[in-house]
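Asks: Here you go, run-v3.tsv (TSV, N, CA and C atoms):
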```tsv
chain	number	residue	atom	x	y	z
A	1	MET	N	11.38	15.43	18.55
A	1	MET	CA	10.79	16.74	18.67
A	1	MET	C	9.35	16.58	19.14
A	2	GLN	N	8.96	17.35	20.13
A	2	GLN	CA	7.58	17.31	20.62
A	2	GLN	C	7.00	18.72	20.54
A	3	VAL	N	5.79	18.81	19.98
A	3	VAL	CA	5.11	20.10	19.84
A	3	VAL	C	3.69	19.99	20.38
A	4	THR	N	3.11	21.13	20.74
A	4	THR	CA	1.73	21.14	21.21
A	4	THR	C	0.78	21.07	20.01
A	5	ILE	N	-0.47	20.78	20.28
A	5	ILE	CA	-1.47	20.72	19.21
A	5	ILE	C	-1.59	22.07	18.51
A	6	HIS	N	-1.59	23.14	19.28
A	6	HIS	CA	-1.70	24.49	18.69
A	6	HIS	C	-0.51	24.75	17.76
A	7	SER	N	0.68	24.43	18.21
A	7	SER	CA	1.87	24.63	17.39
A	7	SER	C	1.83	23.74	16.15
A	8	ALA	N	1.33	22.52	16.30
A	8	ALA	CA	1.23	21.61	15.16
A	8	ALA	C	0.28	22.15	14.10
A	9	LYS	N	-0.86	22.72	14.56
A	9	LYS	CA	-1.81	23.28	13.59
A	9	LYS	C	-1.19	24.46	12.86
A	10	THR	N	-0.42	25.27	13.58
A	10	THR	CA	0.20	26.45	12.99
A	10	THR	C	1.31	26.08	12.01
A	11	ASN	N	2.07	25.04	12.32
A	11	ASN	CA	3.27	24.70	11.55
A	11	ASN	C	3.20	23.33	10.88
A	12	LEU	N	2.01	22.90	10.51
A	12	LEU	CA	1.85	21.54	9.99
A	12	LEU	C	2.73	21.26	8.78
A	13	SER	N	2.79	22.15	7.82
A	13	SER	CA	3.61	21.92	6.62
A	13	SER	C	5.08	21.72	6.98
A	14	LYS	N	5.59	22.54	7.88
A	14	LYS	CA	6.99	22.42	8.30
A	14	LYS	C	7.23	21.10	9.03
A	15	LEU	N	6.28	20.70	9.87
A	15	LEU	CA	6.42	19.45	10.62
A	15	LEU	C	6.39	18.24	9.69
A	16	ILE	N	5.58	18.31	8.66
A	16	ILE	CA	5.53	17.22	7.68
A	16	ILE	C	6.87	17.11	6.96
A	17	GLU	N	7.45	18.22	6.59
A	17	GLU	CA	8.76	18.19	5.93
A	17	GLU	C	9.83	17.63	6.85
A	18	LEU	N	9.77	17.97	8.14
A	18	LEU	CA	10.72	17.42	9.11
A	18	LEU	C	10.56	15.91	9.22
A	19	ALA	N	9.32	15.43	9.25
A	19	ALA	CA	9.06	13.99	9.34
A	19	ALA	C	9.58	13.29	8.08
A	20	LYS	N	9.36	13.88	6.92
A	20	LYS	CA	9.86	13.30	5.67
A	20	LYS	C	11.38	13.21	5.68
A	21	ALA	N	12.03	14.14	6.37
A	21	ALA	CA	13.49	14.15	6.44
A	21	ALA	C	14.02	13.19	7.51
A	22	GLY	N	13.11	12.53	8.25
A	22	GLY	CA	13.54	11.54	9.23
A	22	GLY	C	13.39	11.95	10.68
A	23	GLU	N	12.96	13.17	10.93
A	23	GLU	CA	12.77	13.66	12.30
A	23	GLU	C	11.50	13.03	12.89
A	24	GLU	N	11.56	12.59	14.13
A	24	GLU	CA	10.37	12.07	14.82
A	24	GLU	C	9.61	13.26	15.40
A	25	VAL	N	8.36	13.43	14.97
A	25	VAL	CA	7.54	14.57	15.42
A	25	VAL	C	6.39	14.03	16.25
A	26	ILE	N	6.37	14.39	17.52
A	26	ILE	CA	5.33	13.98	18.45
A	26	ILE	C	4.43	15.18	18.74
A	27	ILE	N	3.12	14.97	18.68
A	27	ILE	CA	2.16	16.03	19.01
A	27	ILE	C	1.60	15.71	20.39
A	28	ALA	N	1.61	16.72	21.26
A	28	ALA	CA	1.18	16.51	22.64
A	28	ALA	C	0.04	17.45	23.01
A	29	ARG	N	-0.83	16.94	23.87
A	29	ARG	CA	-1.88	17.76	24.47
A	29	ARG	C	-1.33	18.13	25.85
A	30	GLY	N	-0.92	19.37	25.96
A	30	GLY	CA	-0.19	19.77	27.16
A	30	GLY	C	1.17	19.10	27.13
A	31	LYS	N	1.44	18.23	28.12
A	31	LYS	CA	2.70	17.49	28.12
A	31	LYS	C	2.50	16.01	27.80
A	32	VAL	N	1.27	15.62	27.50
A	32	VAL	CA	0.96	14.21	27.23
A	32	VAL	C	0.99	13.95	25.73
A	33	PRO	N	1.92	13.11	25.24
A	33	PRO	CA	1.97	12.78	23.81
A	33	PRO	C	0.69	12.06	23.36
A	34	VAL	N	0.13	12.49	22.23
A	34	VAL	CA	-1.11	11.88	21.73
A	34	VAL	C	-1.02	11.39	20.29
A	35	ALA	N	-0.03	11.88	19.53
A	35	ALA	CA	0.07	11.47	18.12
A	35	ALA	C	1.51	11.63	17.64
A	36	LYS	N	1.79	10.93	16.53
A	36	LYS	CA	3.12	11.01	15.94
A	36	LYS	C	2.96	11.23	14.44
A	37	ILE	N	3.76	12.12	13.89
A	37	ILE	CA	3.77	12.32	12.44
A	37	ILE	C	4.92	11.50	11.88
A	38	VAL	N	4.59	10.59	10.97
A	38	VAL	CA	5.60	9.74	10.34
A	38	VAL	C	5.40	9.78	8.83
A	39	PRO	N	6.47	9.67	8.07
A	39	PRO	CA	6.32	9.67	6.61
A	39	PRO	C	5.79	8.32	6.13
A	40	ILE	N	5.08	8.34	5.02
A	40	ILE	CA	4.64	7.12	4.35
A	40	ILE	C	5.71	6.76	3.32
A	41	PRO	N	6.24	5.53	3.37
A	41	PRO	CA	7.27	5.15	2.41
A	41	PRO	C	6.77	5.28	0.98
A	42	GLN	N	7.58	5.86	0.13
A	42	GLN	CA	7.23	6.05	-1.27
A	42	GLN	C	7.93	5.00	-2.10
A	43	HIS	N	7.17	4.09	-2.69
A	43	HIS	CA	7.73	3.05	-3.54
A	43	HIS	C	7.28	3.29	-4.97
A	44	GLY	N	8.21	3.22	-5.87
A	44	GLY	CA	7.87	3.37	-7.28
A	44	GLY	C	7.33	2.07	-7.84
A	45	PHE	N	6.54	2.17	-8.87
A	45	PHE	CA	5.98	1.00	-9.55
A	45	PHE	C	6.97	0.57	-10.63
A	46	THR	N	7.31	-0.71	-10.64
A	46	THR	CA	8.25	-1.22	-11.62
A	46	THR	C	7.52	-2.11	-12.61
A	47	ILE	N	7.60	-1.74	-13.88
A	47	ILE	CA	6.99	-2.56	-14.93
A	47	ILE	C	7.89	-3.76	-15.17
A	48	GLY	N	7.29	-4.92	-15.30
A	48	GLY	CA	8.05	-6.13	-15.55
A	48	GLY	C	8.70	-6.70	-14.30
A	49	LEU	N	8.14	-6.41	-13.16
A	49	LEU	CA	8.70	-6.84	-11.88
A	49	LEU	C	8.85	-8.36	-11.79
A	50	LEU	N	7.90	-9.10	-12.36
A	50	LEU	CA	7.93	-10.56	-12.28
A	50	LEU	C	8.49	-11.23	-13.54
A	51	LYS	N	9.05	-10.42	-14.45
A	51	LYS	CA	9.57	-10.98	-15.69
A	51	LYS	C	10.66	-12.00	-15.38
A	52	GLY	N	10.52	-13.20	-15.93
A	52	GLY	CA	11.49	-14.26	-15.73
A	52	GLY	C	11.26	-15.06	-14.45
A	53	LYS	N	10.31	-14.66	-13.63
A	53	LYS	CA	10.05	-15.36	-12.37
A	53	LYS	C	8.83	-16.27	-12.45
A	54	ILE	N	7.99	-16.09	-13.47
A	54	ILE	CA	6.81	-16.92	-13.64
A	54	ILE	C	7.10	-17.96	-14.71
A	55	LYS	N	6.90	-19.20	-14.35
A	55	LYS	CA	7.18	-20.28	-15.29
A	55	LYS	C	6.03	-20.44	-16.28
A	56	PRO	N	6.35	-20.63	-17.56
A	56	PRO	CA	5.28	-20.85	-18.55
A	56	PRO	C	4.67	-22.24	-18.38
A	57	GLY	N	3.56	-22.46	-19.00
A	57	GLY	CA	2.94	-23.77	-18.98
A	57	GLY	C	1.66	-23.83	-18.17
A	58	GLY	N	1.17	-22.69	-17.76
A	58	GLY	CA	-0.09	-22.67	-17.03
A	58	GLY	C	-1.25	-22.86	-17.99
A	59	PRO	N	-2.46	-22.91	-17.46
A	59	PRO	CA	-3.63	-23.11	-18.34
A	59	PRO	C	-3.83	-21.92	-19.28
A	60	ASP	N	-4.29	-22.23	-20.47
A	60	ASP	CA	-4.61	-21.18	-21.44
A	60	ASP	C	-6.10	-20.90	-21.33
A	61	PHE	N	-6.44	-19.81	-20.71
A	61	PHE	CA	-7.84	-19.49	-20.43
A	61	PHE	C	-8.63	-19.10	-21.67
A	62	PHE	N	-7.95	-18.86	-22.78
A	62	PHE	CA	-8.65	-18.45	-23.98
A	62	PHE	C	-8.95	-19.63	-24.91
A	63	GLU	N	-8.46	-20.81	-24.58
A	63	GLU	CA	-8.75	-22.00	-25.37
A	63	GLU	C	-10.10	-22.57	-24.94
A	64	PRO	N	-10.88	-23.11	-25.87
A	64	PRO	CA	-12.17	-23.69	-25.49
A	64	PRO	C	-11.98	-24.93	-24.60
A	65	MET	N	-12.95	-25.16	-23.72
A	65	MET	CA	-12.92	-26.33	-22.84
A	65	MET	C	-13.32	-27.57	-23.62
A	66	GLY	N	-12.78	-28.69	-23.15
A	66	GLY	CA	-13.21	-29.97	-23.71
A	66	GLY	C	-14.61	-30.29	-23.20
A	67	GLU	N	-15.27	-31.27	-23.83
A	67	GLU	CA	-16.65	-31.64	-23.45
A	67	GLU	C	-16.73	-32.08	-21.99
A	68	ASP	N	-15.72	-32.84	-21.50
A	68	ASP	CA	-15.76	-33.30	-20.11
A	68	ASP	C	-15.62	-32.14	-19.12
A	69	GLU	N	-14.73	-31.18	-19.41
A	69	GLU	CA	-14.57	-30.00	-18.53
A	69	GLU	C	-15.82	-29.13	-18.57
A	70	LEU	N	-16.37	-28.94	-19.75
A	70	LEU	CA	-17.57	-28.13	-19.91
A	70	LEU	C	-18.73	-28.75	-19.16
A	71	GLY	N	-18.85	-30.08	-19.18
A	71	GLY	CA	-19.90	-30.77	-18.44
A	71	GLY	C	-19.76	-30.53	-16.94
A	72	LEU	N	-18.52	-30.52	-16.42
A	72	LEU	CA	-18.31	-30.25	-15.01
A	72	LEU	C	-18.76	-28.83	-14.65
A	73	TRP	N	-18.45	-27.85	-15.50
A	73	TRP	CA	-18.84	-26.47	-15.24
A	73	TRP	C	-20.36	-26.31	-15.28
A	74	GLU	N	-20.99	-27.03	-16.16
A	74	GLU	CA	-22.43	-26.90	-16.31
A	74	GLU	C	-23.20	-27.83	-15.37
A	75	GLY	N	-22.51	-28.64	-14.58
A	75	GLY	CA	-23.16	-29.51	-13.61
A	75	GLY	C	-23.78	-30.75	-14.22
A	76	LYS	N	-23.34	-31.15	-15.38
A	76	LYS	CA	-23.93	-32.32	-16.06
A	76	LYS	C	-23.22	-33.62	-15.69
A	77	ASN	N	-22.02	-33.54	-15.14
A	77	ASN	CA	-21.27	-34.76	-14.78
A	77	ASN	C	-21.29	-34.97	-13.30
```
Starting from the coordinates I provided, produce the structure as C-alpha cells.

Replies:
Amino acid sequence: MQVTIHSAKTNLSKLIELAKAGEEVIIARGKVPVAKIVPIPQHGFTIGLLKGKIKPGGPDFFEPMGEDELGLWEGKN
C-alpha cells in the first residue's frame, strides 16, 4: 500500500494498525516513495531465561580476597 504524506498525516493511526497486521505501508512524496511504516517486534520478558544454562563454580565476589590477590589490586606486588 502506498499513500501520500498528506494522507499519512490524516490516517496515521489506521496506517499503524495496518502495519501491525502485516501490511507494508509506504509513504510517498508525490509518486516518489520516501518512508515505510513497519511494526516493531514485541518480545515479552521471560524470568529465568538462563536457568540451567549457567554452570556453577564461578568466582564468589562476596568472599574476601586473599593477601596475594589484594596486593595485586592495590599495586603492591

Asks: What is the distance, in Å and to one decimal place, between CA of Ser7 (chain A) and atom N of Ala19 (chain A)?

Replies: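 Spanning CA of Ser7 (chain A) to atom N of Ala19 (chain A) is a straight-line distance of 14.4 Å.
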
Asks: Just list the residues in region 17-73 of chain A DSSP gives alpha helix (DSSP H) on the backbone, as a list in words.

Replies: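 Taking region 17-73 of chain A and keeping alpha helix (DSSP H) only, one gets Glu17, Leu18, Ala19, Lys20, Glu67, Asp68, Glu69, Leu70, Gly71, Leu72 and Trp73 of chain A.
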
Asks: Considering all atoms listed in the file, state which residue in the set A:Met65, A:Ile54, A:Ile47, A:Val38 is at the smallest distance from Glu23 (chain A).

Replies: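 With all atoms listed in the file as the atom set, the closest residue is A:Val38.
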
Asks: Just how far from CA of Glu24 (chain A) is atom N of Ile5 (chain A), in Å to one decimal?

Replies: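 Going from atom N of Ile5 (chain A) over to CA of Glu24 (chain A) covers 14.9 Å.
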
Asks: What does the distance from atom N of Phe45 (chain A) to atom N of Ala21 (chain A) come to in Å, to one decimal?

Replies: 20.1 Å

Asks: Let me have the centre and edge lengths of the axis-aligned box enclosing all listed atoms of region 32-46 of chain A with 5 Å padding on every side, in Å to one decimal, as lines of an AutoDock Vina configuration file.

Replies:
```
center_x = 3.6
center_y = 6.8
center_z = 7.4
size_x = 19.4
size_y = 27.7
size_z = 50.1
```

Asks: If I put a ball of radius 12 Å at (0.2, 16.3, 26.8) in the file's coordinates, which residues poke into it when counting only C-alpha atoms, written as a ChimeraX atom specification?

Replies: /A:2-6,26-35

Asks: Would you put the residues from that selection into a file with N, CA and C atoms, as a compact mmCIF listing (two decimals), in the coordinates of the input?

Replies:
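again_10.txt written:
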```
# COMPACT_ATOMS: atom_id res chain seq x y z
N GLN A 2 8.96 17.35 20.13
CA GLN A 2 7.58 17.31 20.62
C GLN A 2 7.00 18.72 20.54
N VAL A 3 5.79 18.81 19.98
CA VAL A 3 5.11 20.10 19.84
C VAL A 3 3.69 19.99 20.38
N THR A 4 3.11 21.13 20.74
CA THR A 4 1.73 21.14 21.21
C THR A 4 0.78 21.07 20.01
N ILE A 5 -0.47 20.78 20.28
CA ILE A 5 -1.47 20.72 19.21
C ILE A 5 -1.59 22.07 18.51
N HIS A 6 -1.59 23.14 19.28
CA HIS A 6 -1.70 24.49 18.69
C HIS A 6 -0.51 24.75 17.76
N ILE A 26 6.37 14.39 17.52
CA ILE A 26 5.33 13.98 18.45
C ILE A 26 4.43 15.18 18.74
N ILE A 27 3.12 14.97 18.68
CA ILE A 27 2.16 16.03 19.01
C ILE A 27 1.60 15.71 20.39
N ALA A 28 1.61 16.72 21.26
CA ALA A 28 1.18 16.51 22.64
C ALA A 28 0.04 17.45 23.01
N ARG A 29 -0.83 16.94 23.87
CA ARG A 29 -1.88 17.76 24.47
C ARG A 29 -1.33 18.13 25.85
N GLY A 30 -0.92 19.37 25.96
CA GLY A 30 -0.19 19.77 27.16
C GLY A 30 1.17 19.10 27.13
N LYS A 31 1.44 18.23 28.12
CA LYS A 31 2.70 17.49 28.12
C LYS A 31 2.50 16.01 27.80
N VAL A 32 1.27 15.62 27.50
CA VAL A 32 0.96 14.21 27.23
C VAL A 32 0.99 13.95 25.73
N PRO A 33 1.92 13.11 25.24
CA PRO A 33 1.97 12.78 23.81
C PRO A 33 0.69 12.06 23.36
N VAL A 34 0.13 12.49 22.23
CA VAL A 34 -1.11 11.88 21.73
C VAL A 34 -1.02 11.39 20.29
N ALA A 35 -0.03 11.88 19.53
CA ALA A 35 0.07 11.47 18.12
C ALA A 35 1.51 11.63 17.64
```

Asks: Tell me, which residues of chain A carry DSSP strand (DSSP E or B), written as an MDAnalysis selection string?

Replies: chainID A and resid 2:4 25:29 32:37

Asks: When you count only C-alpha atoms, which of these residues is closest to Ser13 (chain A): A:Glu63, A:Gly75, A:Ile37, A:Lys51?

Replies: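 Smallest separation from Ser13 (chain A) among the options: A:Ile37.
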